[in-house]
>>> print(open('structure_14.pdb').read())   # PDB, C-alpha atoms
MODEL        1
ATOM      1  CA  MET A   1       6.439  -3.415  29.290
ATOM      2  CA  ALA A   2       4.395  -0.229  29.622
ATOM      3  CA  PHE A   3       1.586  -2.034  31.489
ATOM      4  CA  ASN A   4       1.477  -3.935  34.774
ATOM      5  CA  ASN A   5      -0.850  -6.716  33.653
ATOM      6  CA  PHE A   6      -2.868  -7.944  30.705
ATOM      7  CA  SER A   7      -6.164  -6.296  31.595
ATOM      8  CA  GLU A   8      -4.416  -2.927  31.896
ATOM      9  CA  PHE A   9      -2.979  -3.602  28.443
ATOM     10  CA  LEU A  10      -6.471  -4.223  27.075
ATOM     11  CA  ILE A  11      -8.068  -1.212  28.768
ATOM     12  CA  MET A  12      -5.192   1.187  27.975
ATOM     13  CA  GLY A  13      -6.328   3.785  30.472
ATOM     14  CA  ALA A  14      -9.838   4.182  28.967
ATOM     15  CA  HIS A  15      -8.369   4.498  25.452
ATOM     16  CA  GLY A  16      -8.544   0.754  24.728
ATOM     17  CA  ILE A  17     -11.734   1.019  22.692
ATOM     18  CA  TYR A  18     -10.112   3.547  20.334
ATOM     19  CA  VAL A  19      -6.744   1.811  20.057
ATOM     20  CA  TRP A  20      -8.189  -1.659  19.519
ATOM     21  CA  SER A  21     -10.871  -0.601  17.077
ATOM     22  CA  ALA A  22      -8.270   1.274  14.993
ATOM     23  CA  TYR A  23      -6.006  -1.779  14.985
ATOM     24  CA  GLY A  24      -8.924  -4.126  14.397
ATOM     25  CA  PHE A  25     -10.023  -2.243  11.301
ATOM     26  CA  SER A  26      -6.451  -2.025  10.010
ATOM     27  CA  ALA A  27      -5.855  -5.752  10.499
ATOM     28  CA  PHE A  28      -9.114  -6.568   8.750
ATOM     29  CA  ALA A  29      -8.311  -4.319   5.767
ATOM     30  CA  LEU A  30      -4.740  -5.617   5.387
ATOM     31  CA  ALA A  31      -5.932  -9.227   5.663
ATOM     32  CA  TRP A  32      -8.525  -8.556   2.974
ATOM     33  CA  LEU A  33      -5.808  -7.121   0.725
ATOM     34  CA  VAL A  34      -3.616 -10.209   1.134
ATOM     35  CA  TRP A  35      -6.574 -12.534   0.554
ATOM     36  CA  ASN A  36      -7.683 -10.594  -2.536
ATOM     37  CA  THR A  37      -4.147 -10.633  -3.977
ATOM     38  CA  LEU A  38      -3.621 -14.364  -3.524
ATOM     39  CA  ALA A  39      -7.153 -15.362  -4.570
ATOM     40  CA  THR A  40      -6.969 -13.366  -7.819
ATOM     41  CA  ARG A  41      -3.578 -14.886  -8.532
ATOM     42  CA  ARG A  42      -4.884 -18.413  -8.077
ATOM     43  CA  LYS A  43      -8.066 -17.788 -10.068
ATOM     44  CA  THR A  44      -6.172 -16.241 -12.979
ATOM     45  CA  ARG A  45      -3.715 -19.129 -13.203
ATOM     46  CA  ASN A  46      -6.499 -21.699 -13.004
ATOM     47  CA  SER A  47      -8.664 -20.125 -15.671
ATOM     48  CA  LEU A  48      -5.697 -19.642 -18.014
ATOM     49  CA  ARG A  49      -4.708 -23.266 -17.577
ATOM     50  CA  LYS A  50      -8.253 -24.471 -18.204
ATOM     51  CA  ARG A  51      -8.432 -22.452 -21.393
ATOM     52  CA  LEU A  52      -5.105 -23.862 -22.568
ATOM     53  CA  LEU A  53      -6.154 -27.445 -21.889
ATOM     54  CA  ARG A  54      -9.439 -26.886 -23.710
ATOM     55  CA  ASN A  55      -7.618 -25.543 -26.764
ATOM     56  CA  GLN A  56      -5.142 -28.425 -26.761
ATOM     57  CA  ASN A  57      -7.870 -31.054 -26.755
ATOM     58  CA  ARG A  58      -9.683 -29.504 -29.628
TER      59      ARG A  58
ATOM     60  CA  MET B   1      25.183   5.205 -18.370
ATOM     61  CA  SER B   2      23.674   1.997 -19.589
ATOM     62  CA  TRP B   3      19.929   1.915 -20.145
ATOM     63  CA  ALA B   4      19.783  -1.878 -20.283
ATOM     64  CA  TRP B   5      18.008  -2.090 -16.907
ATOM     65  CA  PHE B   6      15.284   0.230 -18.185
ATOM     66  CA  HIS B   7      14.630  -1.947 -21.220
ATOM     67  CA  LYS B   8      14.693  -5.112 -19.113
ATOM     68  CA  LEU B   9      12.216  -3.555 -16.684
ATOM     69  CA  GLY B  10       9.943  -2.912 -19.640
ATOM     70  CA  SER B  11       9.838  -6.581 -20.608
ATOM     71  CA  PRO B  12       6.943  -8.453 -18.939
ATOM     72  CA  LYS B  13       8.772 -11.779 -19.235
ATOM     73  CA  TRP B  14      11.941 -10.500 -17.592
ATOM     74  CA  PHE B  15       9.957  -8.712 -14.900
ATOM     75  CA  PHE B  16       7.905 -11.803 -14.160
ATOM     76  CA  SER B  17      10.886 -14.057 -13.531
ATOM     77  CA  TRP B  18      12.695 -11.344 -11.577
ATOM     78  CA  SER B  19       9.689 -10.655  -9.343
ATOM     79  CA  LYS B  20       9.226 -14.350  -8.585
ATOM     80  CA  SER B  21      12.343 -14.370  -6.445
ATOM     81  CA  TRP B  22      11.517 -11.094  -4.680
ATOM     82  CA  ALA B  23       7.798 -11.143  -3.831
ATOM     83  CA  LEU B  24       7.764 -13.744  -1.062
ATOM     84  CA  PRO B  25      10.959 -12.626   0.758
ATOM     85  CA  LEU B  26       9.801  -8.990   0.721
ATOM     86  CA  PHE B  27       6.381  -9.968   2.003
ATOM     87  CA  CYS B  28       7.840 -12.118   4.823
ATOM     88  CA  VAL B  29      10.387  -9.497   5.910
ATOM     89  CA  GLY B  30       7.545  -6.977   5.864
ATOM     90  CA  CYS B  31       5.323  -9.130   8.070
ATOM     91  CA  VAL B  32       8.117  -9.706  10.603
ATOM     92  CA  CYS B  33       9.104  -6.014  10.826
ATOM     93  CA  LEU B  34       5.460  -4.979  11.033
ATOM     94  CA  PHE B  35       4.840  -7.478  13.823
ATOM     95  CA  VAL B  36       7.904  -6.333  15.786
ATOM     96  CA  GLY B  37       7.006  -2.664  15.353
ATOM     97  CA  LEU B  38       3.359  -3.102  16.334
ATOM     98  CA  VAL B  39       3.941  -5.313  19.395
ATOM     99  CA  TRP B  40       6.728  -3.001  20.545
ATOM    100  CA  GLY B  41       4.581   0.061  19.998
ATOM    101  CA  LEU B  42       1.428  -1.369  21.546
ATOM    102  CA  ALA B  43       2.887  -3.035  24.622
ATOM    103  CA  PHE B  44       6.345  -1.656  25.357
ATOM    104  CA  ALA B  45       6.609   1.965  24.228
ATOM    105  CA  PRO B  46       5.867   4.468  27.004
ATOM    106  CA  ALA B  47       2.502   6.254  26.988
ATOM    107  CA  ASP B  48       2.410   9.826  25.691
ATOM    108  CA  TYR B  49       2.388  12.455  28.442
ATOM    109  CA  GLN B  50      -0.449  14.393  26.773
ATOM    110  CA  GLN B  51      -2.429  11.842  24.796
ATOM    111  CA  GLY B  52      -2.012   8.815  27.065
ATOM    112  CA  ASN B  53      -2.384   5.479  25.332
ATOM    113  CA  SER B  54      -4.451   6.669  22.372
ATOM    114  CA  PHE B  55      -1.180   7.836  20.781
ATOM    115  CA  ARG B  56      -0.393   4.147  20.124
ATOM    116  CA  ILE B  57      -2.601   4.425  17.034
ATOM    117  CA  ILE B  58       0.403   6.243  15.523
ATOM    118  CA  TYR B  59       2.146   2.905  14.868
ATOM    119  CA  ILE B  60      -0.408   1.968  12.228
ATOM    120  CA  HIS B  61      -1.672   5.425  11.208
ATOM    121  CA  VAL B  62       1.669   6.937  10.188
ATOM    122  CA  PRO B  63       2.882   3.903   8.174
ATOM    123  CA  VAL B  64      -0.361   3.582   6.184
ATOM    124  CA  ALA B  65      -0.524   7.334   5.600
ATOM    125  CA  MET B  66       3.075   7.328   4.318
ATOM    126  CA  LEU B  67       2.316   4.355   2.087
ATOM    127  CA  ALA B  68      -0.863   5.986   0.755
ATOM    128  CA  GLN B  69       1.228   8.935  -0.443
ATOM    129  CA  SER B  70       4.232   6.909  -1.643
ATOM    130  CA  CYS B  71       1.963   4.596  -3.641
ATOM    131  CA  TYR B  72       0.420   7.604  -5.348
ATOM    132  CA  LEU B  73       3.825   9.098  -6.106
ATOM    133  CA  ALA B  74       4.793   5.776  -7.720
ATOM    134  CA  LEU B  75       1.501   5.785  -9.641
ATOM    135  CA  GLY B  76       2.215   9.284 -10.951
ATOM    136  CA  VAL B  77       5.754   8.345 -12.025
ATOM    137  CA  ALA B  78       4.427   5.226 -13.773
ATOM    138  CA  GLY B  79       1.768   7.327 -15.505
ATOM    139  CA  PHE B  80       4.446   9.736 -16.729
ATOM    140  CA  VAL B  81       6.663   6.877 -17.920
ATOM    141  CA  PHE B  82       3.735   5.408 -19.842
ATOM    142  CA  LEU B  83       2.709   8.684 -21.466
ATOM    143  CA  VAL B  84       6.276   9.484 -22.546
ATOM    144  CA  TRP B  85       7.776   6.077 -23.418
ATOM    145  CA  GLN B  86       4.682   3.871 -23.795
ATOM    146  CA  MET B  87       6.357   1.356 -21.510
ATOM    147  CA  LYS B  88       4.272  -1.821 -21.329
ATOM    148  CA  MET B  89       4.864  -2.446 -17.644
ATOM    149  CA  ALA B  90       3.668   0.986 -16.494
ATOM    150  CA  PRO B  91      -0.090   0.293 -16.881
ATOM    151  CA  VAL B  92       0.434  -3.119 -15.268
ATOM    152  CA  PHE B  93       1.949  -1.310 -12.314
ATOM    153  CA  ILE B  94      -0.853   1.281 -12.137
ATOM    154  CA  LYS B  95      -3.504  -1.437 -12.262
ATOM    155  CA  SER B  96      -1.802  -3.424  -9.488
ATOM    156  CA  MET B  97      -0.930  -0.499  -7.257
ATOM    157  CA  ALA B  98      -4.213   1.442  -7.279
ATOM    158  CA  PRO B  99      -6.251  -0.935  -5.052
ATOM    159  CA  VAL B 100      -3.341  -1.252  -2.607
ATOM    160  CA  GLY B 101      -3.033   2.534  -2.369
ATOM    161  CA  ALA B 102      -6.787   2.851  -1.912
ATOM    162  CA  VAL B 103      -6.739   0.449   1.048
ATOM    163  CA  MET B 104      -3.815   2.371   2.581
ATOM    164  CA  ALA B 105      -5.645   5.691   2.230
ATOM    165  CA  LEU B 106      -8.811   4.156   3.681
ATOM    166  CA  ILE B 107      -6.982   2.771   6.740
ATOM    167  CA  ALA B 108      -5.277   6.149   7.203
ATOM    168  CA  LEU B 109      -8.669   7.892   7.173
ATOM    169  CA  VAL B 110     -10.383   5.426   9.509
ATOM    170  CA  SER B 111      -7.536   5.069  12.014
ATOM    171  CA  GLY B 112      -7.111   8.853  11.942
ATOM    172  CA  ALA B 113     -10.795   9.404  12.675
ATOM    173  CA  ILE B 114     -10.662   6.948  15.584
ATOM    174  CA  TRP B 115      -7.553   8.694  16.902
ATOM    175  CA  GLY B 116      -9.187  12.095  16.484
ATOM    176  CA  LYS B 117     -12.120  11.288  18.751
ATOM    177  CA  PRO B 118     -10.225  11.011  22.096
ATOM    178  CA  THR B 119      -7.563  13.546  21.048
ATOM    179  CA  TRP B 120      -9.496  16.373  19.383
ATOM    180  CA  GLY B 121     -13.000  15.449  20.563
ATOM    181  CA  THR B 122     -14.235  14.896  17.007
ATOM    182  CA  TRP B 123     -14.072  12.147  14.377
ATOM    183  CA  TRP B 124     -13.736  14.482  11.448
ATOM    184  CA  VAL B 125     -13.052  18.109  10.544
ATOM    185  CA  TRP B 126     -13.006  19.553   7.045
ATOM    186  CA  ASP B 127      -9.497  20.910   7.330
ATOM    187  CA  ALA B 128      -6.722  20.836   4.748
ATOM    188  CA  ARG B 129      -4.965  17.626   5.837
ATOM    189  CA  LEU B 130      -8.033  15.454   6.276
ATOM    190  CA  THR B 131      -9.743  16.733   3.156
ATOM    191  CA  SER B 132      -6.668  16.302   0.963
ATOM    192  CA  VAL B 133      -6.246  12.692   2.140
ATOM    193  CA  LEU B 134      -9.916  12.090   1.364
ATOM    194  CA  VAL B 135      -9.235  13.476  -2.131
ATOM    195  CA  LEU B 136      -6.290  11.050  -2.387
ATOM    196  CA  PHE B 137      -8.617   8.152  -1.558
ATOM    197  CA  LEU B 138     -11.144   9.359  -4.146
ATOM    198  CA  LEU B 139      -8.387   9.620  -6.782
ATOM    199  CA  TYR B 140      -7.492   5.971  -6.176
ATOM    200  CA  MET B 141     -11.165   4.984  -6.363
ATOM    201  CA  GLY B 142     -11.559   6.984  -9.586
ATOM    202  CA  ILE B 143      -8.659   5.139 -11.209
ATOM    203  CA  ILE B 144     -10.059   1.765 -10.094
ATOM    204  CA  ALA B 145     -13.570   2.608 -11.328
ATOM    205  CA  LEU B 146     -12.173   3.734 -14.668
ATOM    206  CA  GLN B 147     -10.224   0.498 -15.095
ATOM    207  CA  ASN B 148     -13.278  -1.589 -14.292
ATOM    208  CA  SER B 149     -15.788   0.319 -16.389
ATOM    209  CA  LEU B 150     -14.071   0.394 -19.781
ATOM    210  CA  ASP B 151     -13.213  -2.593 -21.964
ATOM    211  CA  ASP B 152     -10.865  -0.844 -24.367
ATOM    212  CA  LEU B 153      -7.455  -1.578 -22.829
ATOM    213  CA  VAL B 154      -5.639   1.053 -24.903
ATOM    214  CA  LEU B 155      -8.017   3.757 -23.728
ATOM    215  CA  VAL B 156      -7.936   2.564 -20.092
ATOM    216  CA  ASN B 157      -4.135   2.553 -20.011
ATOM    217  CA  LYS B 158      -3.969   6.106 -21.288
ATOM    218  CA  ALA B 159      -6.790   7.526 -19.144
ATOM    219  CA  ALA B 160      -5.476   5.910 -15.942
ATOM    220  CA  ALA B 161      -1.999   7.269 -16.671
ATOM    221  CA  VAL B 162      -3.363  10.779 -17.241
ATOM    222  CA  ILE B 163      -5.330  10.765 -13.950
ATOM    223  CA  SER B 164      -2.301   9.375 -12.097
ATOM    224  CA  VAL B 165      -0.122  12.222 -13.334
ATOM    225  CA  LEU B 166      -2.733  14.949 -12.749
ATOM    226  CA  GLY B 167      -3.416  13.691  -9.219
ATOM    227  CA  LEU B 168       0.215  14.307  -8.256
ATOM    228  CA  ILE B 169      -0.750  17.933  -7.571
ATOM    229  CA  ASN B 170      -2.527  16.651  -4.449
ATOM    230  CA  LEU B 171       0.648  15.276  -2.829
ATOM    231  CA  PRO B 172       2.359  18.562  -1.924
ATOM    232  CA  ILE B 173      -1.010  19.766  -0.621
ATOM    233  CA  ILE B 174      -1.152  16.794   1.764
ATOM    234  CA  LYS B 175       2.471  17.191   2.800
ATOM    235  CA  TYR B 176       2.479  20.902   3.505
ATOM    236  CA  SER B 177      -1.076  21.208   4.798
ATOM    237  CA  VAL B 178       0.061  20.639   8.384
ATOM    238  CA  VAL B 179       2.987  23.036   8.134
ATOM    239  CA  LEU B 180       1.536  25.979   6.261
ATOM    240  CA  LEU B 181      -2.159  25.955   7.112
ATOM    241  CA  GLU B 182      -4.162  26.169  10.283
ATOM    242  CA  THR B 183      -5.142  22.611  11.168
ATOM    243  CA  LEU B 184      -5.951  20.320  14.083
ATOM    244  CA  HIS B 185      -3.552  17.728  12.738
ATOM    245  CA  GLN B 186      -0.148  17.516  14.398
ATOM    246  CA  GLY B 187       3.054  18.106  12.429
ATOM    247  CA  PRO B 188       5.143  15.377  10.809
ATOM    248  CA  THR B 189       6.812  12.796  13.093
ATOM    249  CA  PHE B 190       9.747  12.054  10.796
ATOM    250  CA  THR B 191      11.531  14.735   8.804
ATOM    251  CA  LEU B 192      14.778  14.426   6.856
ATOM    252  CA  THR B 193      16.423  17.428   8.426
ATOM    253  CA  LYS B 194      15.578  17.282  12.120
ATOM    254  CA  LYS B 195      15.759  14.642  14.801
ATOM    255  CA  PRO B 196      12.305  13.356  15.854
ATOM    256  CA  GLU B 197      10.920  15.125  18.884
ATOM    257  CA  MET B 198       9.945  11.791  20.437
ATOM    258  CA  PRO B 199      12.363   9.693  22.497
ATOM    259  CA  PRO B 200      13.901   6.700  20.663
ATOM    260  CA  GLU B 201      11.772   4.150  22.550
ATOM    261  CA  MET B 202       8.768   5.806  20.899
ATOM    262  CA  TRP B 203      10.037   6.351  17.335
ATOM    263  CA  LEU B 204      12.094   3.171  16.899
ATOM    264  CA  PRO B 205       9.029   0.888  16.849
ATOM    265  CA  LEU B 206       7.449   3.354  14.429
ATOM    266  CA  LEU B 207      10.482   3.040  12.160
ATOM    267  CA  PHE B 208      10.065  -0.744  12.245
ATOM    268  CA  SER B 209       6.406  -0.625  11.307
ATOM    269  CA  VAL B 210       7.041   1.931   8.520
ATOM    270  CA  ILE B 211       9.827  -0.172   6.936
ATOM    271  CA  GLY B 212       7.774  -3.322   7.523
ATOM    272  CA  LEU B 213       4.727  -1.932   5.757
ATOM    273  CA  TYR B 214       6.840  -0.765   2.778
ATOM    274  CA  CYS B 215       8.191  -4.313   2.317
ATOM    275  CA  PHE B 216       4.747  -5.857   2.898
ATOM    276  CA  VAL B 217       3.213  -3.645   0.212
ATOM    277  CA  ALA B 218       6.128  -4.228  -2.192
ATOM    278  CA  GLY B 219       5.608  -7.989  -1.936
ATOM    279  CA  LEU B 220       1.856  -7.671  -2.482
ATOM    280  CA  VAL B 221       2.267  -5.379  -5.480
ATOM    281  CA  LEU B 222       4.784  -7.751  -7.111
ATOM    282  CA  TRP B 223       2.262 -10.595  -6.752
ATOM    283  CA  ARG B 224      -0.518  -8.464  -8.204
ATOM    284  CA  MET B 225       1.724  -7.425 -11.106
ATOM    285  CA  GLN B 226       2.485 -11.078 -11.864
ATOM    286  CA  THR B 227      -1.248 -11.795 -12.067
ATOM    287  CA  GLU B 228      -1.781  -8.803 -14.320
ATOM    288  CA  ILE B 229       1.119  -9.828 -16.602
ATOM    289  CA  LEU B 230      -0.338 -13.336 -16.975
ATOM    290  CA  LYS B 231      -3.717 -11.836 -17.908
ATOM    291  CA  ARG B 232      -2.332  -9.390 -20.458
ATOM    292  CA  GLU B 233       0.269 -11.680 -22.037
ATOM    293  CA  HIS B 234      -1.780 -14.871 -22.058
ATOM    294  CA  ARG B 235      -1.221 -15.375 -25.774
ATOM    295  CA  SER B 236       2.559 -15.513 -25.551
ATOM    296  CA  ASN B 237       4.314 -18.852 -25.352
ATOM    297  CA  TRP B 238       6.236 -18.224 -22.161
ATOM    298  CA  VAL B 239       2.991 -17.528 -20.269
ATOM    299  CA  LYS B 240       1.467 -20.778 -21.583
ATOM    300  CA  GLN B 241       4.544 -22.634 -20.426
ATOM    301  CA  GLU B 242       4.547 -20.879 -17.061
ATOM    302  CA  VAL B 243       0.881 -21.632 -16.435
ATOM    303  CA  MET B 244       1.204 -25.306 -17.384
ATOM    304  CA  GLU B 245       4.414 -25.934 -15.462
ATOM    305  CA  HIS B 246       3.631 -24.186 -12.206
ATOM    306  CA  GLY B 247       0.008 -24.938 -11.483
ATOM    307  CA  LEU B 248      -0.314 -22.679  -8.506
TER     308      LEU B 248
ENDMDL
END
>>> encode(input="structure_14.pdb", output="structure tokens")
Amino acid sequence: MAFNNFSEFLIMGAHGIYVWSAYGFSAFALAWLVWNTLATRRKTRNSLRKRLLRNQNR
Amino acid sequence: MSWAWFHKLGSPKWFFSWSKSWALPLFCVGCVCLFVGLVWGLAFAPADYQQGNSFRIIYIHVPVAMLAQSCYLALGVAGFVFLVWQMKMAPVFIKSMAPVGAVMALIALVSGAIWGKPTWGTWWVWDARLTSVLVLFLLYMGIIALQNSLDDLVLVNKAAAVISVLGLINLPIIKYSVVLLETLHQGPTFTLTKKPEMPPEMWLPLLFSVIGLYCFVAGLVLWRMQTEILKREHRSNWVKQEVMEHGL
């Protein structure tokens, strides 16, 4: 461990604000990418299935 | 040499079933490696003797910057493949990869700016490295805008492929900007010919997060390509079957 305790880890020798904001933004952007990928996948499958069912019933 | 793999790769149906067994494992391996690399880098790697703890931004900045360039290289190759062989899967790949590459370039820019403030005393300078990465981001955004603004799929496929290929000229500019030109940006951490100048306890976690992010992105892109294949091939029987059998 490069730090003695948890608060030192958070403060990072006055660089904490930079390190954590960089990581915070990155985590947010990557999470958005995963969400967008999975949500589009689900939506596409659902709408295709709906269209198929509609055509079958006709 | 047999070209069977090339023809298989060009078949949406074959690609779809192949990618189904690879997407999730790649994504999970990526998440684990990324987690190991980031925790190791954030909490256990020693602080830099010059930059202190702000250097820990390297463990996300370098992987996303590498991915931003690799994604574009892949985009350019796919564009070339489409223009020469009209391969059906190439535009599917470009469509799926462009948003991922754009997010990578954006994170590289933002994390770099945040790293620049304590290290150089400024968020941004208009030097060769930073500007060329901004151009990379704008190229991705251009491709995405083009795909969303036109309805004619034939035209979109061709135009996106052309931009992808033309944009390749930017990659060597990014790569060599820190070596050949005067810049604030430090030189490359990993090179193929020399050992890294960092000690192993600093570059090993970086290696983990780089490999992790490659797998993470590969998994995501396979999922996005599956979605795109379903959209484009929705009239074919195997897609109908696929959609009805596996609801989600």
>>> resolve_selection(input="structure_14.pdb", expression="the PyMOL selection byres ((chain B) within 8 of (chain A))", output="MDAnalysis selection string")
chainID B and resid 43:47 52:54 56:57 60 100 103 107 110:111 114:115 118 220 223:224 226:227 230:231 234 240 243:244 247:248
>>> resolve_selection(input="structure_14.pdb", expression="the PyMOL selection byres ((chain B and resi 183-195) around 9)", output="PyMOL selection string")
chain B and resi 62+116+120+125+127-130+175+177-182+196-198+203
>>> closest_residue(input="structure_14.pdb", among="B:Gly30, B:Gly10, B:Pro25, B:Gly37", to="Phe208 in chain B", atoms="all atoms listed in the file")
B:Gly37
>>> atom_distance(input="structure_14.pdb", atom1="CA of Ala90 in chain B", atom2="CA of Phe27 in chain B")
21.7 Å
>>> closest_residue(input="structure_14.pdb", among="B:Ser209, B:Ser236, B:Asn157, B:Gln147", to="Phe80 in chain B", atoms="only C-alpha atoms")
B:Asn157
>>> resolve_selection(input="structure_14.pdb", expression="the PyMOL selection byres ((chain B and resi 38) around 8)", output="list of chain:residue names")
B:Leu34, B:Phe35, B:Val36, B:Gly37, B:Val39, B:Trp40, B:Gly41, B:Leu42, B:Tyr59, B:Ile60, B:Pro205, B:Leu206, B:Ser209
>>> atom_distance(input="structure_14.pdb", atom1="CA of Arg51 in chain A", atom2="CA of Met97 in chain B")
27.2 Å
>>> residues_around(input="structure_14.pdb", residues="Leu153 in chain B", least_positions_apart="3", cutoff="12 Å", atoms="only C-alpha atoms", output="CSV table (one decimal) with C-alpha atoms, in the frame of the given file")
chain,number,residue,atom,x,y,z
B,88,LYS,CA,4.3,-1.8,-21.3
B,91,PRO,CA,-0.1,0.3,-16.9
B,92,VAL,CA,0.4,-3.1,-15.3
B,95,LYS,CA,-3.5,-1.4,-12.3
B,146,LEU,CA,-12.2,3.7,-14.7
B,147,GLN,CA,-10.2,0.5,-15.1
B,148,ASN,CA,-13.3,-1.6,-14.3
B,149,SER,CA,-15.8,0.3,-16.4
B,150,LEU,CA,-14.1,0.4,-19.8
B,156,VAL,CA,-7.9,2.6,-20.1
B,157,ASN,CA,-4.1,2.6,-20.0
B,158,LYS,CA,-4.0,6.1,-21.3
B,159,ALA,CA,-6.8,7.5,-19.1
B,160,ALA,CA,-5.5,5.9,-15.9
B,231,LYS,CA,-3.7,-11.8,-17.9
B,232,ARG,CA,-2.3,-9.4,-20.5
>>> atom_distance(input="structure_14.pdb", atom1="CA of Ala108 in chain B", atom2="CA of Val64 in chain B")
5.6 Å
>>> closest_residue(input="structure_14.pdb", among="B:Val32, B:Val162, B:Ile229, B:Ala105", to="Leu136 in chain B", atoms="all atoms listed in the file")
B:Ala105
>>> closest_residue(input="structure_14.pdb", among="B:Phe16, B:Leu139, B:Met202, B:Ser11", to="Glu242 in chain B", atoms="all atoms listed in the file")
B:Phe16
>>> closest_residue(input="structure_14.pdb", among="B:Gly121, B:Pro199, B:Gly101, B:Gly142", to="Ala218 in chain B", atoms="only C-alpha atoms")
B:Gly101
